[in-house]
Amino acid sequence: MDITYTAQETAFRDQLRAWLADVLPKLPPAPPGHDWPARRVFDTTWQRMLYDAGYGGLDWPVEYGGRGASPVQQLILLEETERARAPYGVANYVGLKHAGPTIAAEGTPEQKERHLGPILRGDHVWCQGFSEPSSGSDLASLRTRAVRDGDDYVLNGQKIWTSHSLVADYCEILVRTDPDAPKHKGLSWLILPMDTPGVRLRPLRTIMGSTDFAEMFLDDVRVPMANRVGAENDGWRVGMVTLSFERGTAFTGELVNSMVLVEELARLARELTRWGDAGLRREIGHLAAEYDALWALTLRNVSEAAAGSVPGIGNSVFKLRLTELRTTLLELFARLLGRAGLTMSDLDDLGNGYYVEERLRAISLTIAGGTSNIQRNIIAERILGLPK
Amino acid sequence: MHLLPTPEQRELRSAVREICESEFPAERLSGEDQRLDRALWRRLGEMGVFALRLPESDGGIGLGAADAVLVFEELGRALVPGPLVATHLAAPYIAEAATGERIVGLVDAGGVPLLLEHHGDLDDLLVLDGDRLLRLDPAAVAARPLDRPLDPWTPVAAAGALPEGEFVATAAATRRDGALLTAALQVGIAAGVLDRSVRYVSEREQFGRPVGAFQAVKHTAADMLVRLELARAAVWAAAATCDAPDAGDAARAVSTAKLLAGEAATKNSLAAVQLHGGMGFAWEVDVHLFLKRSWLHDTCFGDADTHAEALAVSL
């Protein structure tokens with residue numbers, strides 16, 4: 001057990017810090033959340049800057065244009081960019097973390113050639129078409145049909161929660177190619193160009209009032225069979241391959257951001273002269289402990305990944321606690337803010353707008369990527385081995 | 001950066017687990033004899049439980065806090081009774097503590113009421129008195145044994161004013177390491193009750209199926225694992241930080257570990273009682289012993305409020 005970083009890792013961190021200190025002040029201000037075209041430009045420009053500096057696709061294998069960095073270096077990148085408040089680059093997320101790694105692992109040489117470079121450089125934006133109105137937690141029950149016709153599949157159905165699809169170039173989509181097979185055995189994973197005729201999007205307004213997501217309607221959408229990644233009806237396995245790619249670093253940005261927020265919470269409590277309240281102080285101390293422990297768990301998961309094992313299900317423990325704790329954290333902010341928490345517009349120097357927005361956004365984290373209760377099922381059945 | 005046990009540390013952990021299983025098997029927990037077993041204590045001494053962190057030049061094994069927390073997790077899981085942490089902490093100061101020849105207890109002089117654990121079995125008593133660590137002859141301490149101790153394996157006696165002891169060292173390291181090793185025992189408790197619960201709910205049938213197939217039960221068990229894993233990671237990180245103090249704030253890391261491990265042990269034990277249903281309240285099922293030991297550990301080397309306060313102040 002060793003919690004110290006090597007000289008090489010420290011040098012990597014120092015170099016990265018210097019680079020961030022140099023480039024971040026030159027960035028234009030982030031566009032407002034609702035302006036998706038501007039956000040696409042902002043996010044993809046940032047990805048290009050990362051790429052040109054050698055940090056884009058840091059954890060990707062060298063043969064696909066990455067740097068084949070260790071999980072520890074990837075962790076350092078995520079930690080330092082978040083601490084420096086660098087852009088998060090949400091528009092690049094699906095490409096970099098899901099679609100890209102899936103194509104790298106399962107794609108044909110042509111698919112890799114066409115897609116991996118543009119994802120890394122920020123040229124292509126991807127979205128995800130997995131969930132459907134009737135298939136959320138039970139994703140494998142999805143019903144969007146793909147029927148062969150000549151060299152194409154013809155798609156009909158409806159997807160939901162396709163994030164930033166309004167500005168996406170491609171969609172990684174799971175479709176049913178064999179309706180008679182057991183539900184996990186009849187799916188295929190396709191690359192859907194978003195400009196294909198028959199794809200219709202309707203913005204989905206969230207409780208934040210934003211339109212980060214959309215519903216996607218597919219009416220006789222023709223997708224070449226050459227766009228299938230992996231074998232026909234093997235899409236469930238192909239889709240799950242991506243889950244192991246983050247190598248213990250999933251949600252690191254959220255965690256670091258939360259750790260910074262705990263410090264802000266203590267500062268706000270002092271500013272508002274509430275620090276004398278021992279009960280409140282201990283709750284904040286407790287929160288700091290939980291986040292420090294989550295950081296320790298991240299170090300452990302990353303160590304496991306570096307040793308070559310797939311963290312996979314261990315991430316359920318992390319995701320469950322991290323996301324629920326985020327709600328606790330933002331509730332504490334709300335307690336301090338009182339009625340200043342009734343608006344997302346900033347009052348004085350309180351910074352209330354951000355905290356109020358985050359109070360709402362925190363809820364989405366406990367749902368996206370498998371609800372908290374689904375995580376508990378996974379932990380109970382796959383880690384503890386309880387009967388189904 | 002590698003926050004996982006090395007192959008040697010994994011071997012050490014399995015060796016301690018084997019000794020615990022053979023020398024202090026779960027069946028012994030139902031016994032009524034509350035006197036400490038000196039043969040077992042010497043056996044633990046031979047295993048290196050007490051000499052683990054003593055430098056080799058002083059006849060110790062020369063390992064670090066990271067090794068120690070793995071050993072103490074196993075001792076906690078097996079619910080081995082006695083002042084394990086105190087005797088381990090005494091090894092640098094009291095000859096024959098390291099070998100298990102002498103049983104050394106510890107008490108915080110600031111405690112109200114002042115209760116001594118295992119008073120009748122102690123050869124030496126360490127006293128945390130503010131920032132000083134003192135040594136006393138237990139025979140010189142007047143203490144009245146109390147009936148019906150909460151933890152049947154931990155007899156307690158009420159002491160009056162303590163006589164002035166002999167100065168041993170400043171107390172900071174003992175306080176910190178004591179909190180860390182107690183946290184490791186608590187992780188063992190949190191793990192022990194989870195093991196028992198998973199076994200029980202997989203076997204116990206109601207409504208025609210194992211109760212572990214019901215989601216309410218699954219979710220309780222899942223939350224137990226989450227608390228355990230976080231507490232264990234916190235204890236490992238704290239131990240690794242104590243071994244490499246430049247890497248972080250060791251005091252803060254130890255407070256985190258003690259706070260979360262205490263919570264994991266107590267909440268998991270309470271959940272385990274629930275998952276065992278009526279049997280969880282029966283003396284013959286040993287879950288209550290874990291719960292009671294957990295409550296005992298909560299009062300040692302800083303309770304939850306103390307550590308939460310220390311963490312708040314560090315912000």
# chains A, B, ... in the order shown; residues from 1 in each chain; ligands from 1
>>> residues_around(residues="Tyr88 (chain A)", least_positions_apart="5", cutoff="12 Å", atoms="only C-alpha atoms", output="list in words")
Ala30, Arg39, Arg40, Phe42, Asp43, Thr44, Thr45, Trp46, Gln47, Leu50, Leu77, Leu78, Glu79, Glu80, Thr81, Glu82, Arg83, Tyr93, Phe251, Thr252, Gly253, Glu254 and Asn257 of chain A
>>> write_last_selection(atoms="N, CA and C atoms", output="short mmCIF file (atom, residue, chain, number, x, y, z; two decimals), in the first residue's frame")
data_model
loop_
_atom_site.label_atom_id
_atom_site.label_comp_id
_atom_site.auth_asym_id
_atom_site.auth_seq_id
_atom_site.Cartn_x
_atom_site.Cartn_y
_atom_site.Cartn_z
N ALA A 30 -17.66 30.76 -20.86
CA ALA A 30 -18.52 29.66 -21.30
C ALA A 30 -19.87 30.21 -21.72
N ARG A 39 -22.42 26.05 -27.20
CA ARG A 39 -21.75 25.11 -26.30
C ARG A 39 -20.97 24.07 -27.09
N ARG A 40 -21.53 23.65 -28.25
CA ARG A 40 -20.80 22.69 -29.07
C ARG A 40 -19.47 23.29 -29.49
N PHE A 42 -17.79 25.70 -28.11
CA PHE A 42 -16.93 25.89 -26.93
C PHE A 42 -16.30 24.57 -26.50
N ASP A 43 -17.12 23.52 -26.39
CA ASP A 43 -16.63 22.22 -25.91
C ASP A 43 -15.66 21.58 -26.91
N THR A 44 -15.98 21.66 -28.19
CA THR A 44 -15.12 21.00 -29.17
C THR A 44 -13.81 21.78 -29.35
N THR A 45 -13.86 23.09 -29.17
CA THR A 45 -12.63 23.88 -29.21
C THR A 45 -11.71 23.47 -28.07
N TRP A 46 -12.31 23.27 -26.90
CA TRP A 46 -11.52 22.84 -25.74
C TRP A 46 -10.92 21.45 -25.98
N GLN A 47 -11.73 20.55 -26.57
CA GLN A 47 -11.21 19.21 -26.85
C GLN A 47 -10.02 19.30 -27.81
N LEU A 50 -6.99 20.36 -25.92
CA LEU A 50 -6.46 19.22 -25.15
C LEU A 50 -5.68 18.30 -26.08
N LEU A 77 -5.11 13.92 -14.60
CA LEU A 77 -5.69 14.84 -15.59
C LEU A 77 -7.07 15.31 -15.14
N LEU A 78 -7.90 14.35 -14.73
CA LEU A 78 -9.27 14.70 -14.32
C LEU A 78 -9.26 15.57 -13.07
N GLU A 79 -8.38 15.24 -12.13
CA GLU A 79 -8.30 16.00 -10.88
C GLU A 79 -7.85 17.44 -11.15
N GLU A 80 -6.79 17.58 -11.92
CA GLU A 80 -6.22 18.92 -12.14
C GLU A 80 -7.13 19.79 -12.99
N THR A 81 -7.75 19.22 -14.02
CA THR A 81 -8.62 20.04 -14.87
C THR A 81 -9.81 20.53 -14.06
N GLU A 82 -10.34 19.67 -13.19
CA GLU A 82 -11.49 20.09 -12.38
C GLU A 82 -11.07 21.15 -11.35
N ARG A 83 -9.94 20.94 -10.70
CA ARG A 83 -9.49 21.91 -9.70
C ARG A 83 -9.21 23.27 -10.34
N TYR A 93 -18.42 13.98 -24.32
CA TYR A 93 -18.39 12.88 -23.36
C TYR A 93 -18.73 11.52 -23.99
N PHE A 251 -16.63 9.57 -12.98
CA PHE A 251 -17.14 10.53 -12.00
C PHE A 251 -16.04 11.24 -11.20
N THR A 252 -14.78 11.12 -11.61
CA THR A 252 -13.73 11.80 -10.85
C THR A 252 -13.97 13.31 -10.83
N GLY A 253 -14.41 13.85 -11.98
CA GLY A 253 -14.67 15.29 -12.03
C GLY A 253 -15.73 15.71 -11.02
N GLU A 254 -16.81 14.93 -10.95
CA GLU A 254 -17.88 15.22 -9.98
C GLU A 254 -17.34 15.16 -8.56
N ASN A 257 -15.04 18.14 -7.86
CA ASN A 257 -15.91 19.32 -7.75
C ASN A 257 -16.61 19.35 -6.39
#
>>> closest_atom_pairs(of="chain B", to="chain A", cutoff="7 Å", atoms="only C-alpha atoms", output="tab-separated table")
residue	atom	partner	partner_atom	distance
B:Met1	CA	A:Ile3	CA	4.9
B:His2	CA	A:Asp2	CA	5.1
B:Leu3	CA	A:Met1	CA	4.9
B:Leu4	CA	A:Met1	CA	5.1
B:Pro5	CA	A:Met1	CA	5.2
B:Thr6	CA	A:Met1	CA	6.3
B:Ala66	CA	A:Met1	CA	6.5
B:Ser202	CA	A:Leu386	CA	6.3
B:Gly212	CA	A:Leu386	CA	5.8
B:Ala213	CA	A:Pro387	CA	5.0
B:Lys218	CA	A:Ala380	CA	5.4
B:His219	CA	A:Arg376	CA	5.3
B:Ala221	CA	A:Ala380	CA	6.5
B:Ala222	CA	A:Ala380	CA	5.2
B:Val226	CA	A:Val317	CA	5.5
B:Leu230	CA	A:Ala293	CA	5.6
B:Ala231	CA	A:Ala293	CA	6.9
B:Ala233	CA	A:Leu297	CA	5.2
B:Ala234	CA	A:Ala293	CA	4.7
B:Ala237	CA	A:Ala296	CA	5.8
B:Ala240	CA	A:Ile3	CA	5.7
B:Thr241	CA	A:Ile3	CA	6.6
B:Ala247	CA	A:Thr4	CA	5.7
B:Thr256	CA	A:Ala289	CA	4.6
B:Asp305	CA	A:Arg282	CA	6.8
B:Ala308	CA	A:Gly285	CA	4.7
B:Glu309	CA	A:Arg282	CA	5.3
B:Leu311	CA	A:Gly285	CA	4.7
B:Ala312	CA	A:Gly285	CA	4.0
B:Leu315	CA	A:Glu263	CA	6.1
>>> write_last_selection(atoms="C-alpha atoms", output="PDB file, in the first residue's frame")
ATOM      1  CA  MET B   1       0.365   5.289  -5.951  1.00  0.00           C
ATOM      2  CA  HIS B   2      -1.010   1.852  -5.244  1.00  0.00           C
ATOM      3  CA  LEU B   3      -3.729   1.752  -2.603  1.00  0.00           C
ATOM      4  CA  LEU B   4      -4.041  -2.016  -2.455  1.00  0.00           C
ATOM      5  CA  PRO B   5      -2.367  -4.627  -0.265  1.00  0.00           C
ATOM      6  CA  THR B   6       0.860  -6.013  -1.703  1.00  0.00           C
ATOM      7  CA  ALA B  66      -0.704  -0.265   6.416  1.00  0.00           C
ATOM      8  CA  SER B 202     -29.570 -16.568   1.441  1.00  0.00           C
ATOM      9  CA  GLY B 212     -32.453 -12.349   0.287  1.00  0.00           C
ATOM     10  CA  ALA B 213     -34.440 -12.415  -2.970  1.00  0.00           C
ATOM     11  CA  LYS B 218     -31.044  -6.656  -0.973  1.00  0.00           C
ATOM     12  CA  HIS B 219     -30.951  -2.909  -0.644  1.00  0.00           C
ATOM     13  CA  ALA B 221     -27.324  -5.482   2.332  1.00  0.00           C
ATOM     14  CA  ALA B 222     -26.070  -3.286  -0.517  1.00  0.00           C
ATOM     15  CA  VAL B 226     -21.189   0.557   0.572  1.00  0.00           C
ATOM     16  CA  LEU B 230     -15.884   3.327   2.040  1.00  0.00           C
ATOM     17  CA  ALA B 231     -14.728   2.779   5.605  1.00  0.00           C
ATOM     18  CA  ALA B 233     -10.789   2.603   1.797  1.00  0.00           C
ATOM     19  CA  ALA B 234     -10.629   5.404   4.372  1.00  0.00           C
ATOM     20  CA  ALA B 237      -5.703   5.678   2.980  1.00  0.00           C
ATOM     21  CA  ALA B 240      -0.801   4.768   4.040  1.00  0.00           C
ATOM     22  CA  THR B 241      -0.723   8.464   4.948  1.00  0.00           C
ATOM     23  CA  ALA B 247       1.621  12.617   1.232  1.00  0.00           C
ATOM     24  CA  THR B 256     -12.122  10.283   8.562  1.00  0.00           C
ATOM     25  CA  ASP B 305     -18.644  13.982  17.371  1.00  0.00           C
ATOM     26  CA  ALA B 308     -16.474  15.238  12.967  1.00  0.00           C
ATOM     27  CA  GLU B 309     -15.494  18.387  14.854  1.00  0.00           C
ATOM     28  CA  LEU B 311     -12.658  17.433  10.412  1.00  0.00           C
ATOM     29  CA  ALA B 312     -14.725  20.609  10.375  1.00  0.00           C
ATOM     30  CA  LEU B 315     -11.634  22.877   6.541  1.00  0.00           C
TER      31      LEU B 315
END
>>> residues_around(residues="Pro31 (chain A)", least_positions_apart="2", cutoff="12 Å", atoms="only C-alpha atoms", output="ChimeraX atom specification")
/A:27-29,33-43,87
>>> residues_around(residues="Ile61 (chain B)", least_positions_apart="4", cutoff="7 Å", atoms="only C-alpha atoms", output="PyMOL selection string")
chain B and resi 51-56
>>> select_by_dssp(residues="region 60-126 of chain B", states="strand (DSSP E or B)", output="NGL selection string")
:B and (104-108 or 115-117 or 124-126)
>>> write_last_selection(atoms="N, CA and C atoms", output="mmCIF file, in the first residue's frame")
data_model
loop_
_atom_site.group_PDB
_atom_site.id
_atom_site.type_symbol
_atom_site.label_atom_id
_atom_site.label_comp_id
_atom_site.auth_asym_id
_atom_site.auth_seq_id
_atom_site.Cartn_x
_atom_site.Cartn_y
_atom_site.Cartn_z
ATOM 1 N N VAL B 104 -1.475 -5.261 28.308
ATOM 2 C CA VAL B 104 -1.452 -3.848 28.668
ATOM 3 C C VAL B 104 -2.780 -3.195 28.284
ATOM 4 N N GLY B 105 -3.380 -2.517 29.246
ATOM 5 C CA GLY B 105 -4.619 -1.794 28.976
ATOM 6 C C GLY B 105 -4.361 -0.311 28.797
ATOM 7 N N LEU B 106 -5.419 0.414 28.453
ATOM 8 C CA LEU B 106 -5.267 1.856 28.261
ATOM 9 C C LEU B 106 -6.567 2.539 28.645
ATOM 10 N N VAL B 107 -6.422 3.708 29.271
ATOM 11 C CA VAL B 107 -7.618 4.476 29.594
ATOM 12 C C VAL B 107 -7.330 5.951 29.381
ATOM 13 N N ASP B 108 -8.357 6.672 28.949
ATOM 14 C CA ASP B 108 -8.224 8.116 28.805
ATOM 15 C C ASP B 108 -8.672 8.749 30.116
ATOM 16 N N LEU B 115 -14.045 4.443 33.376
ATOM 17 C CA LEU B 115 -14.233 2.990 33.386
ATOM 18 C C LEU B 115 -13.003 2.306 32.789
ATOM 19 N N LEU B 116 -12.515 1.301 33.483
ATOM 20 C CA LEU B 116 -11.364 0.534 32.983
ATOM 21 C C LEU B 116 -11.865 -0.769 32.377
ATOM 22 N N GLU B 117 -11.334 -1.122 31.219
ATOM 23 C CA GLU B 117 -11.683 -2.401 30.595
ATOM 24 C C GLU B 117 -10.677 -3.458 31.041
ATOM 25 N N ASP B 124 -0.192 -4.085 32.998
ATOM 26 C CA ASP B 124 0.205 -2.676 32.973
ATOM 27 C C ASP B 124 -0.980 -1.863 32.490
ATOM 28 N N LEU B 125 -0.973 -0.592 32.873
ATOM 29 C CA LEU B 125 -2.033 0.305 32.401
ATOM 30 C C LEU B 125 -1.396 1.580 31.853
ATOM 31 N N LEU B 126 -1.720 1.895 30.616
ATOM 32 C CA LEU B 126 -1.303 3.182 30.048
ATOM 33 C C LEU B 126 -2.446 4.182 30.244
#
>>> closest_residue(among="B:Ala143, B:Val235, B:Ala159, B:Leu275", to="Lys258 (chain B)", atoms="only C-alpha atoms")
B:Val235
>>> residues_around(residues="Arg145 (chain A)", least_positions_apart="3", cutoff="6 Å", atoms="only C-alpha atoms", output="PyMOL selection string")
chain A and resi 155-156+175-176
>>> write_last_selection(atoms="N, CA and C atoms", output="PDB file, in the first residue's frame")
ATOM      1  N   LEU A 155     -34.830   1.441 -39.540  1.00  0.00           N
ATOM      2  CA  LEU A 155     -35.110   1.637 -38.109  1.00  0.00           C
ATOM      3  C   LEU A 155     -36.449   2.330 -37.894  1.00  0.00           C
ATOM      4  N   ASN A 156     -37.211   1.799 -36.948  1.00  0.00           N
ATOM      5  CA  ASN A 156     -38.438   2.457 -36.512  1.00  0.00           C
ATOM      6  C   ASN A 156     -38.549   2.358 -34.997  1.00  0.00           C
ATOM      7  N   VAL A 175     -30.503  -1.225 -31.050  1.00  0.00           N
ATOM      8  CA  VAL A 175     -31.778  -1.534 -31.709  1.00  0.00           C
ATOM      9  C   VAL A 175     -32.038  -3.039 -31.649  1.00  0.00           C
ATOM     10  N   ARG A 176     -33.297  -3.403 -31.841  1.00  0.00           N
ATOM     11  CA  ARG A 176     -33.641  -4.829 -31.811  1.00  0.00           C
ATOM     12  C   ARG A 176     -33.598  -5.389 -33.225  1.00  0.00           C
TER      13      ARG A 176
END
>>> atom_distance(atom1="CA of Arg114 (chain A)", atom2="CA of Met49 (chain A)")
20.9 Å
